[in-house]
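Presented below is the structure to which this report refers.
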Amino acid sequence: MEVEMKEISKRFGEVQALDNVSMKIGSGEIVGLVGENGAGKTTLMNILYGLYKADKGRIIVNGRETNIQSPKDAISHKIFMVHQHFKLIGNFTSLENIILGSTSGREDFKRMNLQVYRKRIEELMREHKLEIPLDEKVKNLPAGTQQRIEILKALYRMAELLILDEPTTNLTPQETDELLRSVLEMKKRGISVVLITHKIREIVETVDRVVVLRKGKLVGEVPKNEITPEKVVEMMVGRKVDLESELSNIIVPRAPGAEEAEILRIEGISTTGDEGIKLKDISLAVRRGEIFGIAGVSGNGQKELCETIMGIHRPIKGRIIYNGKDLSEADVKERIKQGFRFIPEDRMIDGSLPTMTLSENIILGFQNFEQFQRHGLLLYEKINESARKAIAEYEIRAPNVKIRVGKLSGGNIQKVVVARALLLEPGLLIAYNPTRGLDIGATEKILRQIVELRNSGVSIIMVSEDLDELMLVSDKIAVMYKGEIMGILSKESFDKSKIGLMMAGIREGGIGK
């Protein structure tokens, strides 16, 4: 399949999302589509998929001008899109989600009839190396498996062009590698792929050509043999960015043997969930002006630990001591008053209220603080002023402070979540993948702010599945596996191989799982 988008323009109110953008997608070609948050990447592909209608421009499929008015039209042309935030039904099984919308009625969902579809889906799983549990409910499956379900939905409908919108944002490194191998397998079978991503490694290793957008305009294209990380980054943000050298220059080194005052102490906490023990006898200490990194494959208790420290979950045993005060029984509201700030794992479910305005999202958790209310009435002038400052400081692409947050791009929603956490100076910042879904320029800015907070004496717990990023900014790293801490390393002892072994369940010192 060959697709050409010619001179596409799209405006949303005051925002010119796309301005005269053209791009081609060849048969069996993997095209990388990159740009800063809000550059127009997803909007361009939403037009191709029929979710938006362009104000101007043409779409040509296999040499014929085509009017795509809806996703149904796109699917009829064998064009399919896997969105950044999955469109699956949690109470349905993997199999039911894959065939949903392609069947003639509920008779097809009867057990005997489902077996007819199973055979074809199992063939696709083998062909494209996309193994999933077909009879498991989707709500019980990790993000990487849900991603594979979305791709199998497209392949089941015989997609010839697959659009993947930031497909690795919520995946572990292992899941990312598996996905990229599957993408290369699709290319071998003649399927065209558009890969929207901020991750330069994925571009360098996977695509045949990269198309770069900036602020709704086409900056240029780079063929495979000319793609370098430095060139792509400079085209994306308009300047050279070297995270390691930039951050190394501002990290204040600690004096040998120096120990700052202890701010947070976790003493033997354990928690339970629907499936038994979530955290098992966790103990750690975080000092003033320290970035305490937490590494581990996603789903090994990092989320539960952060939420327990924040007061969302109560431990069944153990204590949480902050500035010498036992906060084990304190609720979230009290911990926020004490200076706790939280960047949660999921910006859509836990980090924002999509139907509320940007202003309202900026003060979530602070709405009862005297800065923003008097006698129970919100002070919208001050709230809007704080939101405008956040837009300027974090370069949030929003037309005004009254826009509903759900209308923003994923990366810009992440900026709102980070801006809120740092709105009022924290005493303890708990940051779960703070740079998830951000472009390289925004990533540099957020990491710089985290390092500067650390330099000013703020204590930070930072969870990240990006080990390079974690090793770059952390003073210590604890590694989690199945709800336990395998070991804690200081900066001078950081070693990728050692951390990798602990992530696999081998304790520091070589003791088994």
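Ordering of the structure tokens sets the chain letters (A, B, ...); residue numbers start at 1 within each chain; ligands are numbered from 1 in the order shown.
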
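Using only C-alpha atoms, the contacts of Ser493 in chain A at a cut-off of 12 Å, with sequence neighbours closer than 3 positions omitted, comprise A:Met471, A:Ser474, A:Asp475, A:Lys476, A:Ile477, A:Ala478, A:Gly487, A:Ile488, A:Leu489, A:Ser490, A:Lys496, A:Ser497, A:Lys498, A:Ile499, A:Glu508.
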
Atoms to include: C-alpha atoms. Write the selected residues as a CSV table (one decimal), in the first residue's frame.
```csv
chain,number,residue,atom,x,y,z
A,471,MET,CA,21.8,6.2,36.7
A,474,SER,CA,20.3,9.3,41.1
A,475,ASP,CA,22.5,9.4,44.2
A,476,LYS,CA,21.3,5.9,45.2
A,477,ILE,CA,19.3,3.2,43.4
A,478,ALA,CA,17.2,0.4,45.0
A,487,GLY,CA,19.7,-4.4,47.0
A,488,ILE,CA,20.6,-0.7,47.3
A,489,LEU,CA,23.6,0.8,45.4
A,490,SER,CA,25.3,4.2,45.9
A,496,LYS,CA,24.3,-1.9,34.7
A,497,SER,CA,25.1,-5.6,34.8
A,498,LYS,CA,24.7,-5.7,38.5
A,499,ILE,CA,21.4,-3.8,38.4
A,508,GLU,CA,23.1,-8.0,45.7
```

Exercise. Any chance you could list, as an MDAnalysis selection string, the residues in range 303-510 of chain A that come up alpha helix (DSSP H) when DSSP is run on the backbone?
Key: chainID A and resid 303:310 332:337 358:362 380:394 410:421 440:455 467:473 496:503

Exercise. Would you mind listing what lies within 8 Å of Glu202 in chain A as number ranges by chain, with only C-alpha atoms counted and same-chain residues fewer than 5 positions away left out?
Key: A: 180, 197, 207

Selection to disk with C-alpha atoms, as an mmCIF file, in the first residue's frame:
```
data_model
loop_
_atom_site.group_PDB
_atom_site.id
_atom_site.type_symbol
_atom_site.label_atom_id
_atom_site.label_comp_id
_atom_site.auth_asym_id
_atom_site.auth_seq_id
_atom_site.Cartn_x
_atom_site.Cartn_y
_atom_site.Cartn_z
ATOM 1 C CA LEU A 180 10.077 -3.577 17.565
ATOM 2 C CA THR A 197 7.772 8.083 18.945
ATOM 3 C CA VAL A 207 12.725 2.984 10.580
#
```

Would you pick out the contacts of Thr355 in chain A at 9 Å or less, using only C-alpha atoms, so that residues sharing its chain but fewer than 3 positions from it are not included, and give the list as a PDB file with C-alpha atoms, in the first residue's frame?
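File out_38.pdb, as written:
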```
ATOM      1  CA  SER A 352      -5.492  14.246  35.677  1.00  0.00           C
ATOM      2  CA  ARG A 404     -10.086  20.793  29.002  1.00  0.00           C
ATOM      3  CA  VAL A 405      -6.972  18.790  29.765  1.00  0.00           C
ATOM      4  CA  GLY A 406      -8.303  15.803  27.810  1.00  0.00           C
ATOM      5  CA  LYS A 407      -7.965  17.900  24.632  1.00  0.00           C
TER       6      LYS A 407
END
```

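When only C-alpha atoms are used to measure the gap to Phe342 in chain A, the shortest distance among A:Ala419, A:Ile99, A:Ile269, A:Ala159 belongs to A:Ala419.
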
Quiz prompt | Atomic distance CA of Lys53 in chain A - CA of Gly40 in chain A, expressed in Å with one decimal | solution = 13.9 Å

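Closest approach to Met502 in chain A among A:Asn67, A:Asn300, A:Asn323, A:Thr272: A:Asn300, based on only C-alpha atoms.
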
Exercise. Apply DSSP to the structure's backbone, then extract all residues of range 157-296 of chain A labelled strand (DSSP E) and return them as number ranges by chain.
Key: A: 161-165, 192-196, 209-214, 217-223, 262-273, 276-287, 291-295

Go ahead and write the residues just picked, C-alpha atoms, as a compact mmCIF listing (two decimals), in the first residue's frame.
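Written out: part-v4.txt:
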```txt
# COMPACT_ATOMS: atom_id res chain seq x y z
CA LEU A 161 -0.90 0.28 6.87
CA LEU A 162 -0.53 0.27 10.66
CA ILE A 163 -0.15 3.54 12.60
CA LEU A 164 1.46 3.08 16.04
CA ASP A 165 1.08 6.16 18.25
CA SER A 192 3.59 -0.40 6.02
CA VAL A 193 4.07 1.10 9.49
CA VAL A 194 4.05 4.67 10.77
CA LEU A 195 5.89 4.79 14.11
CA ILE A 196 5.17 7.90 16.19
CA ARG A 209 12.88 7.06 6.86
CA VAL A 210 12.08 9.69 9.48
CA VAL A 211 9.70 12.64 9.05
CA VAL A 212 10.13 15.53 11.49
CA LEU A 213 7.42 18.01 12.54
CA ARG A 214 7.83 21.12 14.68
CA LYS A 217 5.03 22.35 10.23
CA LEU A 218 7.16 19.89 8.29
CA VAL A 219 10.82 20.44 9.14
CA GLY A 220 12.16 17.78 6.81
CA GLU A 221 12.85 14.09 6.16
CA VAL A 222 15.94 11.96 6.74
CA PRO A 223 16.61 8.68 4.86
CA GLU A 262 17.48 11.70 57.10
CA ILE A 263 14.10 12.96 55.80
CA LEU A 264 12.15 9.76 55.14
CA ARG A 265 12.50 6.35 56.76
CA ILE A 266 10.52 3.30 55.67
CA GLU A 267 10.63 0.57 58.30
CA GLY A 268 9.61 -2.93 57.22
CA ILE A 269 6.38 -2.09 55.41
CA SER A 270 4.27 -4.80 53.79
CA THR A 271 1.02 -4.50 51.87
CA THR A 272 -1.52 -6.89 50.39
CA GLY A 273 -3.75 -6.80 47.32
CA GLY A 276 -1.75 -11.57 47.91
CA ILE A 277 1.40 -9.79 49.07
CA LYS A 278 2.28 -6.66 47.05
CA LEU A 279 5.16 -5.32 49.16
CA LYS A 280 7.23 -7.48 51.49
CA ASP A 281 9.24 -6.02 54.35
CA ILE A 282 10.48 -2.90 52.53
CA SER A 283 12.99 -0.75 54.41
CA LEU A 284 14.89 2.27 53.10
CA ALA A 285 16.01 5.76 54.06
CA VAL A 286 16.04 8.94 51.97
CA ARG A 287 18.23 11.88 52.99
CA ILE A 291 17.62 11.51 44.53
CA PHE A 292 16.76 7.97 45.56
CA GLY A 293 16.16 6.00 42.38
CA ILE A 294 14.02 2.87 42.19
CA ALA A 295 14.69 0.46 39.32
```
